[in-house]
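Q: The following block contains the structure, expressed as C-alpha cells.
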Amino acid sequence: MPLTPPPIDDRRFAQLVEDTLARASVHTPEWTNFNQSDPGVTLVQLFSFLTENLLYRANLTPERNRLKFLQMLRIPLASASAAQGLVAIANERGLPKVETLPADLEVRAGSVPFRTQLGLDVLPVEARVYFKRRLDDPSQELLDYYRLLYASYQLPFPSEVQLYKTLALDRKVVDSVDLNADTVDRSLWIALLARKTDAPGEPDDPWKSVRDALGGRTLTLGLVPALDAVGAQLLPAGNAQSRQLLRFELPSVPADGRVPRDAGDRPAPSYRQLEPRTEVDLLSVPGVVQLALPPAAQLKVWQDIDPLEGGVGDMPPTLDDAALAGRVITWLRVRADGAAQARMRWAGINATPVRQIQRIAAEPLADGDGRPDQVRRLSRRPVLRHSVSVSTRVGAAAPRRWSEIDDLAAAAPEVPVSDPRSSARELACIDTGPTEVFELDPEAGELRFGDGLRGRRLPLGARVFAAYEFCLGAQGNVAEGKIDNAPQLPSGFAVLNPVQTWGGADAESVDTGEKQVRRHLQHRDRMVSIDDFESVAYRAPGVQIGRIEVLPAFHPDLSPNEPGSAPGVVTLMAIPRSDPTQPDAPRADRLFLNALCRHLDPRRLVTTELVVRGADYKGIWISVGIEAAAGYAIAQVVDDVKRRLREVLAPIGPAGTMPRNAALFTPRGADPARGWPLRTAVASRVLLAEVARVAGVTSVADVLLAEGELSASDVVEMSGLELPRILGISVVAGEAMSLDALRGGGGNASGGGSTGSTTPLLPVPVVPETC
C-alpha cells in the first residue's frame, strides 16, 4: 500500500475557534459573552486564522522534505530541445549576381525565430526538378504511333524501348518519387534556369552573364527524402555507416557543343561528377549538400539536338514549354546507386538548415560574493546544453572565462594541492582538472559554481556575464511554408521552408520527472526490464511521445505471433503525441524513429536486437442506431456517442503520454487509459456496451462494424502492432445506417507492376497530346 505521510494537525479555522472558546469557558468562567461583537471573540478568531496558516505550512514539511531529497539526487528534469528544419532562399527580384550570405541569419515563422546554420552562395537562378516516370504497359496504339513517327524521319524504331513521361517533382503533381522503382534512369533532373526577369544577351550566347556569375561558385542543394512511416532496427552487432549512395553530375559538353554518338549512332552524352560535401545521410533525413561548380565555360548544354533525340537515353528530359527550355543554363543530375532506397519528396537549390534558437550575448548576473556553492539563475529558459559560457571581470583585470562541466566533483581546487609523493626540494602540484567551471541545470536555467575545494568560487565583487541559447520547445514545430519572413535578407530575396520543421520538444513536467527519478535509480540509464525500456524511451530528446509499448521477445516481421516467440528481440512501438496530417492516428515518421534510435542505441544491452516501429492502423467503419431518452437533445446525444467511441478506440488515451507508475515486480496488464490495448479485437458487443453508458441513451438498436472494404462482422481482429482507426462513424436515432451507405458504396482499386529484363532498355519520352 502507498506510504502516505500523516498530517501534523488537520484542524481548520472553525474548529480552532470552537476549541478555544470551549477552553475559555473553563479557564475564565467570568467571560460569558461569546457573541461575534465581543472583542475577545475577535482576538480568538484572529489567532485561529494565524494558527491555521502555521498548521498549513507545517503539514507541507513532509512534501518539502521529499522534494528536497529528490533535488539531492541530482537528477534534473529533461530540458526542452530545439526544432530544426530546412529553408530555401531565392533571389527573385534582386540584382543578377551571387550573394554570399553568412550563417546565423534570423528567419521567422510568425513570432517564432529560427537561425540559419550554414552560410551559402545564393545563386541568381531558378530551379525546376523533373524525373522520367516509366510507362510499364504502353498500349499497342501508342507503340504504333511512335513507329510511324520514327518512319517519317526515315529512322528505325528501336526494338528495346522503355517509354516514359516527364513529370515535375511538385507536391501538386506527386507526393514523392522512388528513384529506383518509379524512374527509368534512377535520376532526378534539376534544370538551372535564368530568371524570368533577366533579359537575354547576345543571340549566340544569351545567358553568358549568368554563367559567368555561376562559374566557380558553390551550389547548395537541399534534399528531403520521403518521411512516411518506416521501421528502425538496431542489431546486436551495431549499425554500419552507409556509403555515399547519391551521385551529382553536370553535363560534359565538348567544344563543338554536339552530342557524342555511340557505335549504334545513338546519343551517348557524358557527365562530369561533382564532389559532394555533406554531414548527413541525405537518404534518411533532410539536409543539404554543397557542390563546387566548374568554371563558367563548362556550364553548358548540348546544341542542335535532333527532335527525336531529345530526352532519349541519358539525355536530359525535354521541356514542352519553349520559353522555359530557352532559359536553361545547364542540368544537374542526381543519380541513385542501385542499392539505395531513395524516395525523394523535394529538391531545391539555395537551401540551408535552420534551428529554432535565440541567443543572449551578455546577460548580467548578480556579482560574486566569494562564498562557496554560489547559484545564479538565467532569465530565459529552458537553456540549450553546451551553449552557456560565463565570463567574470574583477576591477581592471582581464576577463576570465568559465566553462560548463558535467559534475563539479570532477573539478580541481582553486588553490593548487601539492603532491605528497614529490621530494621536499622540488614540490609538484596535482593536476586534477579545470577550476573555472560551473554546473548547469538546463531546464531550470541554474548555474552552480564551486566551493573552492571542487571548482573555483565566484570572486568577491566580480561582475558576472552569461551568454547562452534557449528555445521555444514544441512551438518550433511549424508547418510547411510557415517560415516566410527574413528581415536580414537583401531586398528582392524570399525564404520558405519546403517541409515542416521537426525535433522541437517541451521540457519535462515536474510530475513526470518525479516518476522518472525513481525509475532512473532502478535502471541507471541502462535498459534491461520492460519498465526500463519504457522509462528511457520517454526521455528521448527532440520528440513528443504519445504512447510507448514494449513487447519482449517479439518481432513484428514474424507476425502473427505472440511476445515470447523471438528470444533476444525487443520491439518498441512508439506513437508521437500529435500528427498534423493525421491527428486521429499519429504516425511515426523517419525523423521521429531516428531520434528514438539515437537515444536508445547506447543504452541497450549489446546482445539485444531492438526493433522500433510505429503503429499499424487498421481502418474500421462503425454505424450505430440509438434511442434517446425524453428531455435530451438528440443532436447532443449523437455527438456524445461519437465522442465516446472515438475516445475508447483512440490510439493514445489520457494516460498514454505519461510513463507508467506501477509498483515494482508486479504483472503488467492492459491499461485502457493508455489507449486501445494491443492485440485486442474490436467487437461490436464491446462498442454496444460503451454506447449504452452514454447519458441520454435508453437503448441501442444495433451496432454495425466492418473492416475496410470488407463486409460487416461482429469482430475485427487486431494482431501484432495493429490498432484500430475509425475511417467513418455514423450515429442516428432509430435504425443504424447501412455500412455501404456509410462508405459511399465505392472502393478504391489500383494496380501496376514492373517487369525486369536483362537487355538494357532505351528510354524514349512520350510526346504529350496537344489540340
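For the C-alpha cells, the naming scheme is as follows: chains receive sequential letters (A, B, ...) according to their order of presentation, residues are indexed from 1 within each chain, and ligands are indexed from 1 in presentation order.
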Pick out the residues sitting within 8 Å of Glu126 (chain A), and hand them over as a list of chain:residue names; count only C-alpha atoms, and ignore anything fewer than 6 positions along from it in its own chain.
A: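 Close residues of Glu126 (chain A): A:Ala90, A:Leu192, A:Leu193, A:Ala194, A:Arg195.
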Q: Take the residues from that selection and put them in a file with C-alpha atoms, as a compact mmCIF listing (two decimals), in the first residue's frame.
A:
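Saved the output as out20.txt:
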# COMPACT_ATOMS: atom_id res chain seq x y z
CA ALA A 90 15.50 32.60 -53.57
CA LEU A 192 19.06 25.56 -63.63
CA LEU A 193 17.16 28.37 -65.36
CA ALA A 194 17.71 32.05 -65.86
CA ARG A 195 15.12 34.11 -64.00
Q: As a PyMOL selection string, list the residues of region 383-496 of chain A assigned to strand (DSSP E) by DSSP on the backbone atoms of this structure.
A: chain A and resi 389-393+400-404+437-441+446-449+463-470+493-496
Q: When you look at Leu50 (chain A) with a cut-off of 12 Å (counting only C-alpha atoms), what residues show up, excluding the ones that are within fewer than 4 positions of it in the same chain? I need them as a count of residues only.
A: 12
Q: From the options A:Pro416, A:Pro113, A:Gly546, A:Pro487, which residue's atoms come nearest to Thr657 (chain A), counting only C-alpha atoms?
A: A:Gly546
Q: Excluding same-chain residues fewer than 3 positions from region 252-265 of chain A, what lies within 12 Å of it counting only C-alpha atoms, as a PyMOL selection string?
A: chain A and resi 155-156+158+249+268-274+294+297-306+309-310+312-316+330-333
Q: Leaving out region 400-412 of chain A and any residue of its chain fewer than 5 positions from it, which residues lie within 10 Å of it when counting only C-alpha atoms, given as JSON, numbers by chain?
A: {"A": [74, 385, 386, 387, 388, 389, 390, 391, 392, 393, 394, 417, 430, 431, 432, 433, 434, 435, 436, 437, 438, 439, 440, 441, 447, 448, 449, 450, 451, 452, 453, 454, 455, 456, 464, 465, 466]}
Q: Kindly save the residues from that selection, with C-alpha atoms included, as a short mmCIF file (atom, residue, chain, number, x, y, z; two decimals), in the first residue's frame.
A:
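File produced: result.cif:
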data_model
loop_
_atom_site.label_atom_id
_atom_site.label_comp_id
_atom_site.auth_asym_id
_atom_site.auth_seq_id
_atom_site.Cartn_x
_atom_site.Cartn_y
_atom_site.Cartn_z
CA ARG A 74 20.92 15.47 -8.75
CA ARG A 385 23.01 22.38 -23.09
CA HIS A 386 26.61 23.20 -24.07
CA SER A 387 25.58 26.68 -25.20
CA VAL A 388 26.33 28.56 -21.96
CA SER A 389 29.53 30.49 -21.40
CA VAL A 390 30.28 32.70 -18.39
CA SER A 391 32.80 35.49 -18.10
CA THR A 392 33.82 37.42 -14.98
CA ARG A 393 35.70 40.66 -14.58
CA VAL A 394 37.30 41.94 -11.37
CA VAL A 417 47.41 20.97 -3.92
CA ILE A 430 48.45 17.58 -8.52
CA ASP A 431 46.62 18.43 -11.75
CA THR A 432 43.08 17.20 -11.18
CA GLY A 433 41.18 19.17 -13.83
CA PRO A 434 39.84 22.65 -14.60
CA THR A 435 38.91 25.16 -11.92
CA GLU A 436 36.89 27.89 -13.71
CA VAL A 437 33.83 25.70 -14.26
CA PHE A 438 30.14 25.64 -13.43
CA GLU A 439 27.41 23.02 -13.41
CA LEU A 440 24.26 23.68 -15.47
CA ASP A 441 20.66 22.64 -14.92
CA LEU A 447 24.36 27.81 -12.84
CA ARG A 448 26.10 26.30 -9.80
CA PHE A 449 29.70 27.26 -9.08
CA GLY A 450 32.32 25.52 -6.97
CA ASP A 451 33.06 25.67 -3.27
CA GLY A 452 36.83 26.20 -3.55
CA LEU A 453 37.71 22.57 -2.98
CA ARG A 454 35.81 21.39 -6.08
CA GLY A 455 35.87 24.25 -8.56
CA ARG A 456 36.68 27.93 -8.10
CA VAL A 464 29.36 38.14 -13.96
CA PHE A 465 28.02 37.90 -17.53
CA ALA A 466 26.46 34.90 -19.26
#
Q: Between A:Leu234, A:Met344, A:Ala462, A:Ala706, which residue has the minimum interatomic distance to Pro602 (chain A), considering only C-alpha atoms?
A: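 Looking at the shortest contact to Pro602 (chain A), the residue is A:Leu234.
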Q: Using DSSP on the backbone coordinates, identify the residues of region 493-735 of chain A assigned to alpha helix (DSSP H); present them as a ChimeraX atom specification.
A: /A:510-523,530-538,590-600,634-649,684-692
Q: As number ranges by chain, please: the residues near Pro102 (chain A) (cut-off 9 Å, only C-alpha atoms, same-chain neighbours under 5 positions excluded).
A: A: 116-121
Q: Just to be explicit: take each residue in the selection above, keep C-alpha atoms, and write the result as a JSON list (two decimals), in the first residue's frame.
A:
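The file below, again32.json, is the result:
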[["chain", "number", "residue", "atom", "x", "y", "z"],
["A", 116, "THR", "CA", 20.46, 29.52, -40.30],
["A", 117, "GLN", "CA", 23.25, 27.07, -39.54],
["A", 118, "LEU", "CA", 25.23, 27.30, -42.77],
["A", 119, "GLY", "CA", 26.44, 30.13, -44.95],
["A", 120, "LEU", "CA", 25.75, 29.82, -48.65],
["A", 121, "ASP", "CA", 26.06, 31.38, -52.09]]
Q: When you look at Gly445 (chain A) with a cut-off of 8 Å (counting only C-alpha atoms), what residues show up, excluding the ones that are within fewer than 4 positions of it in the same chain? I need them as a ChimeraX atom specification.
A: /A:377-383,440-441
